[in-house]
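*Asks:* I have a structure I would like to understand better, so I am pasting it below and will then ask my questions one at a time.
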Amino acid sequence: MKINFIRQITIVTLFLLALLTGTSGAAPACVAQDGTAFFCGDTVFMSCALNGSMVCPNEGLIIGADGVVIDGNGYAMTGSATPSDCEWCSEVEPCSVSGIYNVGYDDVVIRNLEISGFCTGIALAGIGADAVRNITITECRIHNNGFNITSGISEIVTHGIHACRIEGSADVPALTITENEIYNNEGTGGGCGDGGNGIFIYAGGSGNAHEYCNISHNRLYGNAKAGFWTKMMLSRVRITHNEVWGNGDGTGITDDVRGGIILRCKKSSYNLIAENNVSCNTGGGDYGYGVYVGGTHNIIRNNTVNRNTADGISMGRSDGSSHTRIYDNTVCENGGYGVYAADNTLNNTLYRNTIYGNGQADIQDVSDGLSGDDNTCDTAYQYCDRSASCPPPCVYQSPGLGPDLVLSELEPSWIVSGVNYTIDYTVCNLGKGASASASETGVYINEVLQLSDPVPALGPGECYESKLGPFPSSGIVTIRLVADVLNNETEDHKKANNNLTDVFGGADLMITGFDEIWVDQREKKYNLTYTVENVGDLPTSVNVWTNFTELHGEWSDIDPAPIPAGLGVGESVTHIAGPFTMEGDSDWLESWVNFNHTLDENVEDDLHGNRARFTFSSPSPQPPQKGDLNGDGLITTADAVIALQMAVSCDYVEDADVNGDGAVTAHDALMILQASTRGTKV
């Protein structure tokens, strides 16, 4: 049991005093079977049920013991939080001004309760290495918590449900969230751990620890950033049978990944996303992803993912997002790609999915690491079903019966580097059972129509390839092709797949590799080694620099060594920056090459290009050793102080007797001190 006895005695005393003075009874409370009443701001140390709707000036109820059940009985708990009440909360320190606040207690149930008006609706957190376990939240309405404006210089890290440092097992999940309605929760910021999610889980697992959460049969909508968002190594979690829509449109959110179900961390792995309807997530315009997975070995099956403003299903991390199994999903009419696999992603598989009518290609495989069969699609990049004729790229095409002209390739290339260029493109008729009559392809450069290229009549499945130019170089340009630009052809479904866009004519720097080099593990000092590659069309013309920022702003540093002018197309350079000092047990960092825009690039400020975000943890403590008296796995001056205290008090512990003379003396303390300065064993 983890009961705070001093707080318990205080609450009981105050309750008895209230009975004697006649001041209790009128205000609604959460009442236990023995009559103990818990009011707003009280610590609850036994199960209770609301006897009416509670209005709280600050905190709601604070969990103070294992095994507590809060039964809302269908009543509401309403807060009156202000933005200043929500300052300096973080991904690992949930807001205490919450409807239900639980730090450190297991086997807790919260049910049949409406929660609104607080910083965060329900906040759960483990304490240090002691994770919280077996929490159930069911049949609750959690809405309109948090704010879309900052207070002072603090982001508003508020959510509907915020859970961190949780751990479970196959038999006992860390967290069960089921049959809830979670909507219109606000927050601010652009960091991975910032606010605005319906459900936010900062897993914090390490080693063999897993969460084994069950997130099922919930309605998640209208939340500022995402319906469901996780970071920090979530694993063995089932996200099933949820309805997730209308998320990501918060005015205080600046992250360019948001939307429905977002597994943001590159180590969010071995999770199941199944039987969900994740549709119409808006994301502030272009950022509304349906399902985004940053980790590996996840399964996405039997979901409906339609009409989101960004990609339907995105494996968007070039440093993760691999070994994903995607099958039996419907992914249609999303504003971006239907299914997207970023550069460097590997071994993702795609079977029996229906993917068509998406704004960009139905399937976009940047690294050629995606394989599969028996899918329905019309357009793809670097992907073909094993059994397809290629073109078309999938065994089955969209259900329409008319013609459908689709641009499947746009490739500008230099004739003379930096002087003039040509444009190669391919247009295909991917409609079923009908020929497309002769048409024209419009060529726009910087949104000015330059020419219309005649395209002959195309039968079903036929394609036309053309080379256009030369065009004179005018710096970095946006090239956009539009099939059937004069609308001569009546197509079965004329959508944005008639368009294809490329940015051409300049250098383009990407951070393609990162690793840490420990300088002093004991002091948590490290260097960063990183690789920058020019993936553009011209060599770099000037020196550029790279900076590194800890995502919570504790430090920011610029590598004084530049990425040199003259870095050719396809060339890369690797640098070492540092040393830096880790605060806590891990660092979440953002690097940005060309951060001060000294070089004009094809694409700048791109999360998967100029910018890269990454995390790593401090080394695990070593097993206890002779001289390690405080058990932290290291020999430090703190151990020497303990040994000296033992010498003065004539205490004896074998691990402190480092010279083996049968006693703990000042000589042992000196030997431990010397070892600590060397960072070695005694």
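Every chain in the structure tokens takes a letter, A first, then B, and so on in the order presented; its residues are numbered from 1, and the ligands are numbered from 1 following the presented order.
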Which residues come within 8 Å of A:Leu509, counting only C-alpha atoms, excluding same-chain residues fewer than 3 positions away, as a ChimeraX atom specification?
*Replies:* /A:532-536,593-594,601,609-610
*Asks:* What would the file look like if the residues just selected were written as a compact mmCIF listing (two decimals), in the first residue's frame with C-alpha atoms?
*Replies:*
# COMPACT_ATOMS: atom_id res chain seq x y z
CA VAL A 532 24.42 15.71 -43.72
CA GLU A 533 23.75 14.77 -47.36
CA ASN A 534 22.96 17.02 -50.33
CA VAL A 535 19.91 15.37 -51.93
CA GLY A 536 19.18 18.36 -54.18
CA VAL A 593 21.05 22.00 -40.69
CA ASN A 594 21.00 25.43 -42.39
CA GLU A 601 17.23 25.04 -50.61
CA GLY A 609 14.93 16.67 -43.95
CA ASN A 610 16.61 19.81 -42.67
*Asks:* Running DSSP on the backbone, which parts of stretch 344-505 of chain A land in strand (DSSP E), as a ChimeraX atom specification?
*Replies:* /A:348-351,354-356,363-365,370-373,380-381,405-416,420-429,439-445,448-455,463-472,477-482,499-504
*Asks:* Find the spatial neighbours of A:Glu91, counting only C-alpha atoms, within a cut-off of 12 Å - ignore same-chain residues fewer than 6 positions away - and output them as a ChimeraX atom specification.
*Replies:* /A:120,123-125,155-159,161-165,189,191-197,200-204,229-232,551-552,588
*Asks:* Hey, what's within 10 Å of stretch 132-135 of chain A if we count only C-alpha atoms and toss same-chain stuff fewer than 2 positions away? As number ranges by chain, please?
*Replies:* A: 66-69, 102-110, 124-127, 129-130, 137-138, 163-169, 172-177, 211-213
*Asks:* Can you tell me which residues surround A:Leu350 at a distance of at most 10 Å, considering only C-alpha atoms, apart from same-chain residues fewer than 6 positions away, and format the answer as a ChimeraX atom specification?
*Replies:* /A:300-301,324-329,339,363,370-375,385
*Asks:* Just the selected residues (N, CA and C atoms), exported as a compact mmCIF listing (two decimals), in the first residue's frame, please.
*Replies:*
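Saved to part_31.txt:
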# COMPACT_ATOMS: atom_id res chain seq x y z
N ILE A 300 -1.20 -2.76 -38.56
CA ILE A 300 -2.33 -1.87 -38.86
C ILE A 300 -3.28 -2.67 -39.74
N ARG A 301 -4.45 -3.05 -39.21
CA ARG A 301 -5.33 -3.92 -39.98
C ARG A 301 -6.80 -3.54 -39.77
N THR A 324 6.44 -2.81 -40.62
CA THR A 324 5.02 -2.58 -40.35
C THR A 324 4.18 -3.48 -41.25
N ARG A 325 3.18 -4.14 -40.69
CA ARG A 325 2.27 -4.99 -41.45
C ARG A 325 0.93 -4.26 -41.60
N ILE A 326 0.55 -3.96 -42.85
CA ILE A 326 -0.65 -3.19 -43.16
C ILE A 326 -1.54 -4.05 -44.03
N TYR A 327 -2.71 -4.44 -43.54
CA TYR A 327 -3.56 -5.30 -44.36
C TYR A 327 -5.04 -5.09 -44.04
N ASP A 328 -5.84 -5.27 -45.09
CA ASP A 328 -7.31 -5.21 -45.00
C ASP A 328 -7.83 -3.87 -44.51
N ASN A 329 -7.15 -2.77 -44.87
CA ASN A 329 -7.60 -1.43 -44.53
C ASN A 329 -8.26 -0.77 -45.75
N VAL A 339 -0.92 5.63 -48.58
CA VAL A 339 0.05 4.97 -47.71
C VAL A 339 1.42 5.52 -48.06
N ILE A 363 0.02 5.08 -53.16
CA ILE A 363 1.09 4.43 -52.40
C ILE A 363 2.40 5.12 -52.76
N LEU A 370 8.92 -1.30 -49.44
CA LEU A 370 7.54 -1.73 -49.21
C LEU A 370 7.19 -2.82 -50.23
N SER A 371 6.57 -3.89 -49.76
CA SER A 371 6.18 -4.98 -50.66
C SER A 371 4.81 -5.49 -50.26
N GLY A 372 4.13 -6.21 -51.19
CA GLY A 372 2.83 -6.75 -50.87
C GLY A 372 2.11 -7.26 -52.09
N ASP A 373 0.81 -7.53 -51.95
CA ASP A 373 0.05 -8.09 -53.05
C ASP A 373 -1.44 -7.94 -52.77
N ASP A 374 -2.22 -8.11 -53.85
CA ASP A 374 -3.68 -8.15 -53.78
C ASP A 374 -4.29 -6.86 -53.24
N ASN A 375 -3.67 -5.72 -53.52
CA ASN A 375 -4.21 -4.43 -53.11
C ASN A 375 -5.02 -3.81 -54.25
N ASP A 385 2.40 -4.33 -56.64
CA ASP A 385 2.01 -5.64 -56.11
C ASP A 385 2.79 -6.73 -56.84
*Asks:* Which value, in Å to one decimal, gives the distance between atom CA of A:Thr529 and atom CA of A:Gly578?
*Replies:* 8.9 Å
*Asks:* Measuring between only C-alpha atoms, which one of A:Asn298, A:His241, A:Thr254, A:Gly285 shows the shortest distance to A:Ser269?
*Replies:*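 Once distances to A:Ser269 are computed over only C-alpha atoms, the minimum belongs to A:Asn298.
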*Asks:* Excluding A:Pro393 and residues on its chain fewer than 3 positions from it, collect all residues at most 8 Å away from it, counting only C-alpha atoms, and give them as a list in words.
*Replies:*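 Selected residues are Cys377, Asp378, Thr379, Ala380, Tyr383, Cys384, Asp385, Ala388, Ser389 and Cys390 of chain A.
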*Asks:* Selection from above, N, CA and C atoms, as a compact mmCIF listing (two decimals), in the first residue's frame, can you write it?
*Replies:*
# COMPACT_ATOMS: atom_id res chain seq x y z
N CYS A 377 -5.46 -0.14 -55.90
CA CYS A 377 -4.94 1.23 -55.96
C CYS A 377 -4.88 1.65 -57.41
N ASP A 378 -4.67 2.95 -57.65
CA ASP A 378 -4.53 3.47 -59.01
C ASP A 378 -3.14 4.01 -59.28
N THR A 379 -2.50 4.62 -58.27
CA THR A 379 -1.21 5.27 -58.49
C THR A 379 -0.24 4.86 -57.41
N ALA A 380 1.04 4.77 -57.80
CA ALA A 380 2.07 4.39 -56.83
C ALA A 380 3.42 4.90 -57.29
N TYR A 383 6.46 1.31 -56.14
CA TYR A 383 5.76 0.17 -55.54
C TYR A 383 4.95 -0.54 -56.62
N CYS A 384 4.95 -1.88 -56.56
CA CYS A 384 4.06 -2.70 -57.37
C CYS A 384 3.70 -3.95 -56.58
N ASP A 385 2.40 -4.33 -56.64
CA ASP A 385 2.01 -5.64 -56.11
C ASP A 385 2.79 -6.73 -56.84
N ALA A 388 0.84 -7.78 -59.90
CA ALA A 388 0.33 -6.75 -60.81
C ALA A 388 1.18 -6.70 -62.07
N SER A 389 0.62 -6.12 -63.13
CA SER A 389 1.36 -6.01 -64.39
C SER A 389 2.31 -4.83 -64.41
N CYS A 390 2.07 -3.82 -63.61
CA CYS A 390 3.02 -2.71 -63.38
C CYS A 390 3.41 -1.98 -64.67
*Asks:* Give me the residues within 6 Å of stretch 49-57 of chain A as a list in words, counting only C-alpha atoms and dropping any in the same chain fewer than 4 places off.
*Replies:* Pro28, Ala29, Cys30, Val31, Cys40, Ile70, Asp71, Gly72, Tyr75, Ala76, Met77, Thr78, Gly79 and Ser80 of chain A
*Asks:* Mind dumping the selected residues with C-alpha atoms as a PDB file, in the first residue's frame?
*Replies:*
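Result file is selection-v7.pdb:
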ATOM      1  CA  PRO A  28     -21.760  17.318  -3.454  1.00  0.00           C
ATOM      2  CA  ALA A  29     -18.897  14.961  -2.737  1.00  0.00           C
ATOM      3  CA  CYS A  30     -17.489  11.529  -3.473  1.00  0.00           C
ATOM      4  CA  VAL A  31     -18.811   9.441  -0.593  1.00  0.00           C
ATOM      5  CA  CYS A  40     -12.653  19.036  -4.267  1.00  0.00           C
ATOM      6  CA  ILE A  70     -14.086   6.554  -8.257  1.00  0.00           C
ATOM      7  CA  ASP A  71     -17.664   6.013  -9.461  1.00  0.00           C
ATOM      8  CA  GLY A  72     -19.102   9.157 -10.998  1.00  0.00           C
ATOM      9  CA  TYR A  75     -22.476  13.117 -12.425  1.00  0.00           C
ATOM     10  CA  ALA A  76     -20.039  15.818 -13.582  1.00  0.00           C
ATOM     11  CA  MET A  77     -16.880  17.239 -12.038  1.00  0.00           C
ATOM     12  CA  THR A  78     -16.278  20.743 -13.378  1.00  0.00           C
ATOM     13  CA  GLY A  79     -13.136  22.796 -12.800  1.00  0.00           C
ATOM     14  CA  SER A  80     -12.403  26.490 -13.185  1.00  0.00           C
TER      15      SER A  80
END
*Asks:* Counting only C-alpha atoms, which of A:Ala640, A:Thr441, A:Ala209, A:Asn302 gets nearest to A:Ile239?
*Replies:*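 Among the listed residues, A:Asn302 lies closest to A:Ile239.
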*Asks:* Give me every helix (DSSP H, G or I) residue in stretch 19-167 of chain A, going by DSSP on the backbone, as a list in words.
*Replies:*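 Selection result, helix (DSSP H, G or I) within stretch 19-167 of chain A: Leu19, Leu20, Thr21, Pro83, Ser84, Asp85 and Cys86 of chain A.
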*Asks:* Export, as a compact mmCIF listing (two decimals), in the first residue's frame, the selected residues with N, CA and C atoms.
*Replies:*
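Produced file part-v3.txt, reproduced below:
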# COMPACT_ATOMS: atom_id res chain seq x y z
N LEU A 19 -18.34 17.82 10.39
CA LEU A 19 -19.58 17.26 10.93
C LEU A 19 -19.97 17.96 12.22
N LEU A 20 -18.98 18.20 13.11
CA LEU A 20 -19.26 18.83 14.40
C LEU A 20 -19.74 20.26 14.25
N THR A 21 -19.22 20.98 13.24
CA THR A 21 -19.57 22.39 13.09
C THR A 21 -20.75 22.60 12.16
N PRO A 83 -5.15 29.50 -17.42
CA PRO A 83 -3.85 29.12 -18.00
C PRO A 83 -2.70 29.15 -17.01
N SER A 84 -2.73 30.06 -16.06
CA SER A 84 -1.63 30.11 -15.08
C SER A 84 -1.62 28.89 -14.17
N ASP A 85 -2.78 28.21 -14.01
CA ASP A 85 -2.81 26.97 -13.22
C ASP A 85 -2.09 25.84 -13.94
N CYS A 86 -1.90 25.99 -15.24
CA CYS A 86 -1.36 24.90 -16.06
C CYS A 86 0.09 25.15 -16.46
*Asks:* Which residue gives the smallest distance to A:Asn527 among A:Thr581, A:Asn247, A:Ser279, A:Asn184, with only C-alpha atoms counted?
*Replies:*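 For A:Asn527, the nearest of the candidates is A:Thr581.
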*Asks:* Using only C-alpha atoms, pick whichever of A:Asp484, A:Glu186, A:Glu516, A:Glu411 has the shortest atom-to-atom distance to A:Val503.
*Replies:*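 Smallest separation from A:Val503 among the options: A:Glu411.
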*Asks:* Which one of A:Pro403, A:Gly283, A:Gly259, A:Gly160 sits closest to A:Gly121 if you count only C-alpha atoms?
*Replies:*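 Residue with the minimum atom-to-atom distance to A:Gly121: A:Gly160.
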*Asks:* What does the distance from atom CA of A:Val603 to atom CA of A:Asn344 come to in Å, to one decimal?
*Replies:*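 Going from atom CA of A:Val603 over to atom CA of A:Asn344, I get 18.5 Å.
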